[in-house]
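Chemist: Take a look at the following structure, please.
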Amino acid sequence: MLQLREVVAAYGPIVALHGVSLEVHEGSIVTVLGANGAGKSTTLRAISGLLRPESGIIEFEGRRVDRLSPEQIVSLGMSHIPEGRQLFSELTVLENLRLGAYSRFSGADGGGRLSQREDLSPLGRLQHYLFHAATGGIRDLARGVRGYRQRKQDFEAALRRVFDYFPILAERKSQVAGTLSGGEQQMLAISRGLMARPRLLLLDEPSMGLAPMVTREIFEIIETINRTQGVTILLVEQNANLALEIAHYGYVLETGRIALADTSENLRKNEAVQRSYLGQ
Amino acid sequence: MTEFWQQVVTGIATGSVYGLLALAMVLIYRSTSVLNFAQGEMAMLTTFVAWSVLQWGEYWVMFPLVLLIAAGMGAFIERVVIRPVEGAPVLNIIIVTLGLFAILNNVATWRWGGIPKGFPAPPEIQVTGVKFMGEGALDIGPTVVSYHDLTILVFAVSIMVALYLFFQYTPTGLAMRATAQNPVASRLMGIRVGRMLTVGWALSAAVGAVAGLLIAPLILLQPPMMMGVLLFAFAAAVLGGLDSPVGAVVGGLIIGVSENLVGTYTPKEWLGPDMKLTVTLLIIVVVLLIRPTGIFGRRTMRRV
């Protein structure tokens, strides 16, 4: 489903990923372990388009995505739940969830949207762009009117499912997101990601700053989401114990390189992993 | 007492115009943290365009047309002038808007000349025999309200309601609020942040254009006409809290009313009409001393 080949990514002159290759199969939970600064979050940022890789190939469902913008990538069916949650803290819970579904309702997946025509000459691309500017807005509007009821039902179904996983959010629906507790905020972040109905979920450190009990609850729900909805999950996590418990496969990242790749069972038995990440 | 209410009502009308222009500034400030000093000049230029359009067209044909032109101009300015300095220190962007101020002012003088022109108020509209706009005045209780003041009020209120509904209930409005708060997360939601900023500028320019069209009949149409208004609008925005649309409007009303009352009731010997600007600004300073973020300014509630 997702494939990275020799991905090199850098923040300015500082190279964070030195050729990372990994693969995520449909329906699985894959975890990326590693110490602080190993490049775990950078890997996710490269996949979701927030950081454009210097070189290498990223393919999602057979389609190259390493040159697309995050806006385009999310509408392909991939949600990135970033480190530190990045909620819209001054908006309400419901508004955050509405924004999560934005990519599904903005007509952003083709249709009235400007397609990138790399095959055209610069002049041809300019013509294409002008034509789009003249007609795209009208088409967007027509689609918007036509599909309104359909989209509304769609949205409400997604909302119900999210509230099934996290009933507390239904209670806090009109509360401002910044006033939620840490655990509730993480639940909201996951829910917001799910509202886009992704087939692949990129999860960055869902346990960060949370009490062990809350973390466990959240991990159980992540597993449920994978099992019942078939959402593929790529999980970046400091808490290797928990991550390996729910994951099927794992990668160990060390200073921007893949150091180990194996099934979670084998990784748990691996002495180096036990020593460095499982605290045994 | 009649005089008092009369002054209040007149103040509310001019205050609405300040509020509209302040609202235009707030719309931009909220999403980009840019204080657009060219806001008044953008409104002035569109009012000149309106004047030209009026040479061959009806008022109510001109009105939506000019709003569209204004929106287009706002979008163009964002794309061509502001976008390249995006990410530069805020002070640099402010200097750019000051440059824009001078350019627009000169363009207007060059194209339309510096001689003040009269600009018509919205013409009469009758709905089932009841007059809504046009010439003359209306008796309301002890006061007399000119139809134009009433028009200003109606426009200001409907724009505010429309903007509120837009930001609260439409996906685009929500996306714009999200963009203002957290651009990175917005991109992850699939929001095209750049486009939202363009829409914001277009919207702001259109709101400013309404302010220009409504104030022009009261003060003559000429290139420097919006300078005084901009000063009051700026003060209104600061008073209300720079990131609050409601605050901008309330601030505008407070300033409009207090400006009028100070001009009428303070003794001529030591204050009087000449000092009304000073007194109004003094009130603002006092309010800001008590509430540094303005009346409706954001007090962020956050649990980390």
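We name chains A, B, ... following the order of the structure tokens; residues begin at 1 in each chain, and ligands are numbered from 1 as shown.
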What are the residues of chain B that have an atom within 12 Å of an atom of chain A, counting only C-alpha atoms, as an mmCIF file with C-alpha atoms, in the first residue's frame?
Modeler:
```cif
data_model
loop_
_atom_site.group_PDB
_atom_site.id
_atom_site.type_symbol
_atom_site.label_atom_id
_atom_site.label_comp_id
_atom_site.auth_asym_id
_atom_site.auth_seq_id
_atom_site.Cartn_x
_atom_site.Cartn_y
_atom_site.Cartn_z
ATOM 1 C CA PHE B 167 -17.496 32.059 9.015
ATOM 2 C CA GLN B 168 -19.675 29.961 11.288
ATOM 3 C CA TYR B 169 -21.531 27.694 8.905
ATOM 4 C CA THR B 170 -19.761 27.320 5.559
ATOM 5 C CA PRO B 171 -16.809 24.979 5.023
ATOM 6 C CA THR B 172 -14.800 27.771 3.420
ATOM 7 C CA GLY B 173 -15.451 30.101 6.338
ATOM 8 C CA LEU B 174 -14.421 27.436 8.797
ATOM 9 C CA ALA B 175 -11.336 26.647 6.734
ATOM 10 C CA MET B 176 -10.379 30.323 6.829
ATOM 11 C CA ARG B 177 -10.642 30.397 10.606
ATOM 12 C CA ALA B 178 -8.577 27.227 10.800
ATOM 13 C CA THR B 179 -5.927 28.669 8.514
ATOM 14 C CA ALA B 180 -5.617 31.718 10.725
ATOM 15 C CA GLN B 181 -4.925 29.498 13.727
ATOM 16 C CA ASN B 182 -2.751 26.714 12.466
ATOM 17 C CA PRO B 183 -1.635 26.755 8.840
ATOM 18 C CA VAL B 184 0.312 23.483 9.028
ATOM 19 C CA ALA B 185 -2.561 21.491 10.483
ATOM 20 C CA SER B 186 -4.858 23.142 7.949
ATOM 21 C CA ARG B 187 -2.766 21.783 5.108
ATOM 22 C CA LEU B 188 -3.013 18.318 6.638
ATOM 23 C CA MET B 189 -6.803 18.701 6.539
ATOM 24 C CA GLY B 190 -6.577 19.351 2.807
ATOM 25 C CA ILE B 191 -7.116 23.099 3.044
ATOM 26 C CA ARG B 192 -5.271 25.128 0.467
ATOM 27 C CA VAL B 193 -3.861 27.769 2.761
ATOM 28 C CA GLY B 194 -2.734 30.146 0.024
ATOM 29 C CA ARG B 195 -6.168 30.187 -1.526
ATOM 30 C CA ARG B 298 -8.392 37.124 22.610
ATOM 31 C CA ARG B 299 -7.589 35.748 25.995
ATOM 32 C CA THR B 300 -6.343 32.366 25.011
ATOM 33 C CA MET B 301 -7.465 29.508 27.147
ATOM 34 C CA ARG B 302 -5.138 26.623 26.811
ATOM 35 C CA ARG B 303 -4.282 23.552 28.711
ATOM 36 C CA VAL B 304 -0.930 22.153 27.773
#
```
Chemist: Need to verify the contact set: Glu265 in chain A, 12 Å, only C-alpha atoms, exclusion of same-chain residues closer than 5 positions in sequence. Can you return it as a ChimeraX atom specification?
Modeler: /A:241,243-250,270,273-274
Chemist: Determine which residues of range 33-270 of chain A receive a DSSP assignment of strand (DSSP E or B), computed from the backbone, and state them as a VMD selection string.
Modeler: chain A and resid 33 to 34 55 to 60 63 to 64 78 to 81 92 176 200 to 204 232 to 236 249 to 254 257 to 263
Chemist: Please identify all polymer residues within 9 Å of Gln7 in chain B, counting only C-alpha atoms, omitting same-chain residues fewer than 6 positions from it, and present them as a PyMOL selection string.
Modeler: chain B and resi 257+260-261+264
Chemist: Would you please extract all helix (DSSP H, G or I) residues from range 267-297 of chain B, as assigned by DSSP on the backbone, and give them as a list of chain:residue names?
Modeler: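 Checking each residue of range 267-297 of chain B, the helix (DSSP H, G or I) ones are B:Pro273, B:Asp274, B:Met275, B:Lys276, B:Leu277, B:Thr278, B:Val279, B:Thr280, B:Leu281, B:Leu282, B:Ile283, B:Ile284, B:Val285, B:Val286, B:Val287, B:Leu288, B:Leu289, B:Ile290.
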Chemist: For range 229-237 of chain B, list every protein, DNA or RNA residue within 7 Å, evaluated using only C-alpha atoms, and leave out those in the same chain fewer than 5 positions away; present the list as a PyMOL selection string.
Modeler: chain B and resi 18-19+21-22+26+40+242+247-248+251-252+255
Chemist: How would the residues just picked look written out with N, CA and C atoms as a compact mmCIF listing (two decimals), in the first residue's frame?
Modeler:
```txt
# COMPACT_ATOMS: atom_id res chain seq x y z
N TYR B 18 -16.90 53.30 10.15
CA TYR B 18 -15.61 52.97 10.77
C TYR B 18 -15.54 51.47 11.06
N GLY B 19 -16.65 50.97 11.59
CA GLY B 19 -16.70 49.56 11.94
C GLY B 19 -16.49 48.67 10.73
N LEU B 21 -14.85 49.39 7.93
CA LEU B 21 -13.45 49.43 7.49
C LEU B 21 -12.56 48.69 8.49
N ALA B 22 -12.88 48.85 9.78
CA ALA B 22 -12.13 48.13 10.81
C ALA B 22 -12.29 46.63 10.61
N VAL B 26 -9.53 43.79 10.19
CA VAL B 26 -9.46 42.63 11.09
C VAL B 26 -9.45 41.33 10.29
N GLY B 40 -7.79 51.68 3.53
CA GLY B 40 -8.59 52.86 3.20
C GLY B 40 -8.42 53.25 1.74
N LEU B 242 -7.81 43.48 18.05
CA LEU B 242 -7.49 43.39 16.62
C LEU B 242 -7.93 42.11 15.95
N GLY B 247 -15.55 42.82 17.77
CA GLY B 247 -14.89 43.94 18.42
C GLY B 247 -14.70 45.11 17.49
N ALA B 248 -14.35 44.84 16.23
CA ALA B 248 -14.14 45.91 15.26
C ALA B 248 -15.40 46.73 15.11
N GLY B 251 -16.19 48.55 18.39
CA GLY B 251 -15.22 49.64 18.51
C GLY B 251 -15.60 50.80 17.59
N GLY B 252 -16.00 50.48 16.38
CA GLY B 252 -16.40 51.52 15.43
C GLY B 252 -17.57 52.33 15.96
N ILE B 255 -16.52 54.58 18.86
CA ILE B 255 -15.77 55.74 18.42
C ILE B 255 -16.66 56.73 17.69
```
Chemist: Rounded to one decimal, what separation in Å do you get between CA of Pro224 in chain B and CA of Thr109 in chain B?
Modeler: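 Between CA of Pro224 in chain B and CA of Thr109 in chain B the gap is 9.2 Å.
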Chemist: Neighbouring residues of Arg161 in chain A were defined as those with any atom within 12 Å, considering only C-alpha atoms; residues of the same chain fewer than 5 positions away were excluded. Please report them as a ChimeraX atom specification.
Modeler: /A:97,154-156,166-167,169-170,191-192,194-195,197,225,228-229
Chemist: Kindly save the residues from that selection, with N, CA and C atoms included, as a PDB file, in the first residue's frame.
Modeler:
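The result, written out as out23.pdb:
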```
ATOM      1  N   LEU A  97     -13.718  18.501  13.998  1.00  0.00           N
ATOM      2  CA  LEU A  97     -14.114  17.310  13.247  1.00  0.00           C
ATOM      3  C   LEU A  97     -14.603  17.681  11.849  1.00  0.00           C
ATOM      4  N   ASP A 154     -23.014  11.453   4.555  1.00  0.00           N
ATOM      5  CA  ASP A 154     -21.673  10.915   4.638  1.00  0.00           C
ATOM      6  C   ASP A 154     -20.957  11.429   5.889  1.00  0.00           C
ATOM      7  N   PHE A 155     -21.060  12.750   6.071  1.00  0.00           N
ATOM      8  CA  PHE A 155     -20.406  13.401   7.206  1.00  0.00           C
ATOM      9  C   PHE A 155     -20.986  12.885   8.515  1.00  0.00           C
ATOM     10  N   GLU A 156     -22.312  12.778   8.560  1.00  0.00           N
ATOM     11  CA  GLU A 156     -22.936  12.357   9.810  1.00  0.00           C
ATOM     12  C   GLU A 156     -22.602  10.905  10.145  1.00  0.00           C
ATOM     13  N   PHE A 166     -15.066   7.181  20.560  1.00  0.00           N
ATOM     14  CA  PHE A 166     -14.747   8.097  21.653  1.00  0.00           C
ATOM     15  C   PHE A 166     -16.015   8.814  22.123  1.00  0.00           C
ATOM     16  N   PRO A 167     -16.833   8.141  22.938  1.00  0.00           N
ATOM     17  CA  PRO A 167     -18.101   8.757  23.369  1.00  0.00           C
ATOM     18  C   PRO A 167     -17.897  10.088  24.095  1.00  0.00           C
ATOM     19  N   LEU A 169     -16.115  12.495  23.322  1.00  0.00           N
ATOM     20  CA  LEU A 169     -16.099  13.631  22.401  1.00  0.00           C
ATOM     21  C   LEU A 169     -17.513  14.092  22.068  1.00  0.00           C
ATOM     22  N   ALA A 170     -18.456  13.145  22.053  1.00  0.00           N
ATOM     23  CA  ALA A 170     -19.843  13.531  21.778  1.00  0.00           C
ATOM     24  C   ALA A 170     -20.353  14.442  22.883  1.00  0.00           C
ATOM     25  N   SER A 191      -9.636  11.310  15.947  1.00  0.00           N
ATOM     26  CA  SER A 191     -10.958  11.395  15.324  1.00  0.00           C
ATOM     27  C   SER A 191     -10.941  12.323  14.124  1.00  0.00           C
ATOM     28  N   ARG A 192     -10.255  13.449  14.290  1.00  0.00           N
ATOM     29  CA  ARG A 192     -10.178  14.413  13.196  1.00  0.00           C
ATOM     30  C   ARG A 192      -9.536  13.764  11.974  1.00  0.00           C
ATOM     31  N   LEU A 194      -9.609  10.590  11.329  1.00  0.00           N
ATOM     32  CA  LEU A 194     -10.519   9.565  10.796  1.00  0.00           C
ATOM     33  C   LEU A 194     -11.655  10.161   9.976  1.00  0.00           C
ATOM     34  N   MET A 195     -12.000  11.417  10.250  1.00  0.00           N
ATOM     35  CA  MET A 195     -13.117  12.048   9.540  1.00  0.00           C
ATOM     36  C   MET A 195     -12.850  12.132   8.038  1.00  0.00           C
ATOM     37  N   ARG A 197     -11.896   9.761   6.413  1.00  0.00           N
ATOM     38  CA  ARG A 197     -12.060   8.380   5.965  1.00  0.00           C
ATOM     39  C   ARG A 197     -10.822   7.863   5.246  1.00  0.00           C
ATOM     40  N   ILE A 225      -9.699   0.169  15.491  1.00  0.00           N
ATOM     41  CA  ILE A 225      -9.905   0.854  14.208  1.00  0.00           C
ATOM     42  C   ILE A 225      -9.293   0.039  13.088  1.00  0.00           C
ATOM     43  N   THR A 228     -11.490  -3.491  12.845  1.00  0.00           N
ATOM     44  CA  THR A 228     -12.877  -3.455  12.390  1.00  0.00           C
ATOM     45  C   THR A 228     -13.061  -2.683  11.083  1.00  0.00           C
ATOM     46  N   GLN A 229     -12.233  -1.665  10.871  1.00  0.00           N
ATOM     47  CA  GLN A 229     -12.434  -0.861   9.661  1.00  0.00           C
ATOM     48  C   GLN A 229     -11.409  -1.149   8.580  1.00  0.00           C
TER      49      GLN A 229
END
```
Chemist: Quick one: pull the distance between CA of Ala13 in chain B and CA of Ile254 in chain B, Å, one decimal.
Modeler: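 Atom-to-atom, CA of Ala13 in chain B and CA of Ile254 in chain B are spaced 11.0 Å apart.
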Chemist: Can you pull out every residue within 9 Å of Ser204 in chain B, counting only C-alpha atoms, but drop anything in the same chain fewer than 3 positions away, and send it as a PyMOL selection string?
Modeler: chain B and resi 21+23-28+39+70-71+74+199-201+207-209
Chemist: What's the 8 Å shell around Ile295 in chain B, counting only C-alpha atoms, without same-chain residues fewer than 5 positions away, as a tab-separated table (two decimals) with C-alpha atoms, in the first residue's frame?
Modeler:
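Generated file (selection14.tsv):
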```tsv
chain	number	residue	atom	x	y	z
B	239	LEU	CA	-10.21	49.23	20.71
B	240	GLY	CA	-12.30	46.17	19.89
B	241	GLY	CA	-9.33	43.83	19.90
B	247	GLY	CA	-14.89	43.94	18.42
B	287	VAL	CA	-9.60	51.38	27.64
```
Chemist: Which value, in Å to one decimal, gives the distance between CA of Val231 in chain A and CA of Val252 in chain A?
Modeler: 22.2 Å
